[in-house]
Amino acid sequence: MTALAEFTTLRVGGPAERLLRVSSTEELIDTVLAVWADGDEWLVLGGGSNLLVADDGFEGTVIKVETRGIRRLEAAPGRARIRVEAGEDWDALVAHTLEQGWAGLEPLSGIPGSTGASPVQNIGAYGAEVSASLVAIDFLDYDTGERMLLTAVDLELGYRTSALKRGRRGVVLAVEFDLADTGGLSTPIAYPQLATALGVSLGATVPLEDVRNAVLGLRSRKGMVLDPDDPDSVSAGSFFTNPIVPEAETRALPDDAPRWPVDPEPADLVLPLGEVPAPRVLPDPRVKLSAAWLIERAGIGRGFALPGSRAAISSKHTLALTNRGGASAAEIAELARFVQIRVFSEFGVHLEPEPNLVGLSL
Ligand SMILES: Cc1cc2nc3c(=O)[nH]c(=O)nc-3n(C[C@H](O)[C@H](O)[C@H](O)COP(=O)(O)OP(=O)(O)OC[C@H]3O[C@@H](n4cnc5c(N)ncnc54)[C@H](O)[C@@H]3O)c2cc1C
């Protein structure tokens, strides 16, 4: 039996009953359909960079997707449309698109994992999300056993979420992207810290390679690039999402708690003269809070560990929980719960874990 710790970036996780590695899309479809027909429990595994697997492991079949291929499709002038097989390494794909002079994915440089997982939590960083470039996915649906194209709209992509993360079961076989064939210039820079690192204003366009280098530099200073020499990168990236809460719930927070409105302004209502508008029920405004700020202000700093535990907060980034060597999944989960409880008791805000939990809950 294979320990799943070998396949996860947190390096925790007990054995899988069965682990199948598949390297062609046809084989992936046949394998998955056979596993579904058996009625076994199943889990799709990409790069294991967004998973916390229990020490007891997984009683069922793990299907590790190792399919490869990037194909250019027909597109409008000035656009590049590509189909990428699910097992392609995400960061290698980003590097490839930049070499071709295609813009869109450059702020997402350095995110570990596979392309097939990119829609699952709508990966994002530095003012960009994959939803801005994703057109559709080639999907094998668990409920029907059918292969189908799901559009970006069908996927209901949101902040670190999608229909797939919320429970629509199946396997992403490939992802289609629409990029801008700019010949080497980036999309407008949309993140203040990235603009500062590049020495440009927000909204500027710069050479694609410059964006990639700046992003990789910023990320490695936070331990957010997988690096065998950096113990802070033995993580699942950010362990908590930034909480999105009704505005009313934030009134008791300290004034200096960072917050950003998340809902667009309601559209203006245009009515023919003389017509009386029906009363409109506007949703409660919601705001996004900084999970890192809440954790730090709850008294949990970088490098924090519970006594005797081999799990610790990264020494570079409060949001990452790391395995300092030989930690168990239970130790990671214990630290995560401690952070949740501290933040909740201090601020009344619940922190949601970002990684997918297998065989345990928080
Ligand atoms: C150092 C570090 C930095 C990170 N930085 C970021 C960041 O900046 N932004 C961000 O959004 N994320 C970040 N992450 C999280 C992670 O890299 C992404 O979520 C990534 O997309 C996970 O890909 P994966 O192939 O490793 O998925 P896995 O961990 O293997 O799987 C994650 C989930 O997706 C499912 N899945 C995987 N492949 C498929 C498929 N083909 N079909 C259906 N379901 C599938 C799995 O079953 C599981 O539920 C970071 C992680 C690390 C370790």
# chains A, B, ... in the order shown; residues from 1 in each chain; ligands from 1
>>> residues_near_ligand(ligand="ligand 1", cutoff="8 Å", atoms="only C-alpha atoms and all ligand atoms", output="VMD selection string")
chain A and resid 8 to 10 43 to 51 65 86 to 87 89 to 90 108 110 to 126 129 139 160 164 to 165 169 to 174 223 to 226 233 to 238 355 to 357
>>> select_by_dssp(residues="region 12-92 of chain A", states="helix (DSSP H, G or I)", output="list in words")
Thr25, Glu26, Glu27, Leu28, Ile29, Asp30, Thr31, Val32, Leu33, Ala34, Val35, Trp36, Ala37, Asp38, Trp90, Asp91 and Ala92 of chain A
>>> atom_distance(atom1="CA of Pro285 (chain A)", atom2="CA of Phe240 (chain A)")
22.0 Å
>>> atom_distance(atom1="CA of Asp40 (chain A)", atom2="CA of Glu59 (chain A)")
8.7 Å
>>> atom_distance(atom1="CA of Pro207 (chain A)", atom2="CA of Ser220 (chain A)")
20.4 Å
>>> select_by_dssp(residues="region 131-261 of chain A", states="strand (DSSP E or B)", output="PyMOL selection string")
chain A and resi 134-141+147-151+158+161+170-181+185+207+235-238+240+244-246+259-261
>>> residues_around(residues="Phe347 (chain A)", least_positions_apart="5", cutoff="9 Å", atoms="only C-alpha atoms", output="list in words")
Thr250, Ala252, Leu253, Leu294, Ala298 and Arg342 of chain A
>>> closest_residue(among="A:Asp141, A:Glu99, A:Asp229, A:Glu66", to="Val32 (chain A)", atoms="only C-alpha atoms")
A:Asp141
>>> closest_residue(among="A:Glu275, A:Asp256, A:Glu334, A:Asp230", to="Ser314 (chain A)", atoms="only C-alpha atoms")
A:Asp230
>>> residues_around(residues="Lys316 (chain A)", least_positions_apart="5", cutoff="8 Å", atoms="only C-alpha atoms", output="ChimeraX atom specification")
/A:221-223,232,302-303
>>> closest_residue(among="A:Ala80, A:Ala3, A:Val343, A:Gly127", to="Pro192 (chain A)", atoms="only C-alpha atoms")
A:Gly127
>>> closest_residue(among="A:Leu150, A:Val53, A:Leu98, A:Ile313", to="Ala329 (chain A)", atoms="only C-alpha atoms")
A:Val53
>>> closest_residue(among="A:Pro246, A:Gly145, A:Gly359, A:Gly60", to="Ile29 (chain A)", atoms="only C-alpha atoms")
A:Gly145
>>> decode(residues="region 249-261 of chain A", atoms="all heavy atoms", output="compact mmCIF listing (two decimals), in the first residue's frame")
# COMPACT_ATOMS: atom_id res chain seq x y z
N GLU A 249 -21.78 42.20 10.29
CA GLU A 249 -20.99 41.41 11.24
C GLU A 249 -19.60 41.97 11.47
O GLU A 249 -18.88 41.52 12.34
CB GLU A 249 -20.86 39.96 10.74
CG GLU A 249 -22.10 39.15 10.97
CD GLU A 249 -21.95 37.72 10.50
OE1 GLU A 249 -20.82 37.21 10.41
OE2 GLU A 249 -23.00 37.12 10.19
N THR A 250 -19.19 42.93 10.64
CA THR A 250 -17.82 43.44 10.77
C THR A 250 -17.77 44.70 11.64
O THR A 250 -16.69 45.21 11.91
CB THR A 250 -17.23 43.81 9.40
OG1 THR A 250 -17.99 44.90 8.86
CG2 THR A 250 -17.27 42.64 8.44
N ARG A 251 -18.95 45.17 12.09
CA ARG A 251 -18.95 46.46 12.81
C ARG A 251 -18.21 46.38 14.13
O ARG A 251 -17.67 47.38 14.59
CB ARG A 251 -20.38 46.95 13.00
CG ARG A 251 -20.95 47.34 11.64
CD ARG A 251 -22.25 48.06 11.66
NE ARG A 251 -22.81 48.04 10.32
CZ ARG A 251 -24.05 47.74 10.00
NH1 ARG A 251 -24.91 47.47 10.95
NH2 ARG A 251 -24.44 47.74 8.74
N ALA A 252 -18.17 45.17 14.73
CA ALA A 252 -17.49 45.05 16.02
C ALA A 252 -15.98 44.85 15.86
O ALA A 252 -15.25 44.82 16.84
CB ALA A 252 -18.09 43.86 16.78
N LEU A 253 -15.51 44.72 14.61
CA LEU A 253 -14.07 44.49 14.41
C LEU A 253 -13.29 45.78 14.64
O LEU A 253 -13.83 46.88 14.44
CB LEU A 253 -13.80 44.01 12.98
CG LEU A 253 -14.28 42.60 12.62
CD1 LEU A 253 -14.01 42.33 11.15
CD2 LEU A 253 -13.57 41.57 13.48
N PRO A 254 -12.02 45.69 15.04
CA PRO A 254 -11.22 46.91 15.18
C PRO A 254 -11.20 47.69 13.87
O PRO A 254 -11.28 47.10 12.78
CB PRO A 254 -9.81 46.36 15.50
CG PRO A 254 -10.01 44.96 15.95
CD PRO A 254 -11.28 44.46 15.34
N ASP A 255 -11.10 49.02 13.98
CA ASP A 255 -11.14 49.88 12.79
C ASP A 255 -10.06 49.54 11.78
O ASP A 255 -10.24 49.72 10.58
CB ASP A 255 -10.99 51.36 13.19
CG ASP A 255 -12.24 51.86 13.88
OD1 ASP A 255 -13.28 51.17 13.77
OD2 ASP A 255 -12.18 52.94 14.53
N ASP A 256 -8.91 49.08 12.29
CA ASP A 256 -7.82 48.84 11.34
C ASP A 256 -7.86 47.45 10.71
O ASP A 256 -6.93 47.05 10.00
CB ASP A 256 -6.45 49.09 12.01
CG ASP A 256 -6.24 48.20 13.24
OD1 ASP A 256 -7.25 47.72 13.80
OD2 ASP A 256 -5.08 47.99 13.63
N ALA A 257 -8.94 46.68 10.94
CA ALA A 257 -9.05 45.36 10.29
C ALA A 257 -9.27 45.57 8.79
O ALA A 257 -10.25 46.19 8.40
CB ALA A 257 -10.21 44.57 10.89
N PRO A 258 -8.35 45.06 7.95
CA PRO A 258 -8.54 45.26 6.51
C PRO A 258 -9.84 44.62 6.02
O PRO A 258 -10.22 43.55 6.49
CB PRO A 258 -7.34 44.55 5.87
CG PRO A 258 -6.37 44.31 6.98
CD PRO A 258 -7.17 44.26 8.25
N ARG A 259 -10.54 45.29 5.12
CA ARG A 259 -11.81 44.76 4.57
C ARG A 259 -12.03 45.34 3.18
O ARG A 259 -11.64 46.47 2.91
CB ARG A 259 -12.97 45.08 5.51
CG ARG A 259 -13.20 46.56 5.72
CD ARG A 259 -14.10 46.84 6.90
NE ARG A 259 -13.34 46.96 8.14
CZ ARG A 259 -13.88 46.99 9.36
NH1 ARG A 259 -15.15 46.91 9.52
NH2 ARG A 259 -13.11 47.12 10.43
N TRP A 260 -12.65 44.54 2.33
CA TRP A 260 -12.91 44.96 0.96
C TRP A 260 -14.35 44.59 0.60
O TRP A 260 -14.78 43.47 0.87
CB TRP A 260 -12.00 44.23 -0.03
CG TRP A 260 -10.55 44.35 0.27
CD1 TRP A 260 -9.71 45.33 -0.17
CD2 TRP A 260 -9.73 43.47 1.07
NE1 TRP A 260 -8.44 45.11 0.31
CE2 TRP A 260 -8.42 43.98 1.07
CE3 TRP A 260 -9.99 42.30 1.79
CZ2 TRP A 260 -7.38 43.37 1.75
CZ3 TRP A 260 -8.95 41.68 2.48
CH2 TRP A 260 -7.67 42.23 2.45
N PRO A 261 -15.10 45.50 -0.02
CA PRO A 261 -16.45 45.13 -0.46
C PRO A 261 -16.35 44.08 -1.57
O PRO A 261 -15.43 44.14 -2.38
CB PRO A 261 -17.03 46.44 -1.02
CG PRO A 261 -15.89 47.37 -1.17
CD PRO A 261 -14.73 46.87 -0.38
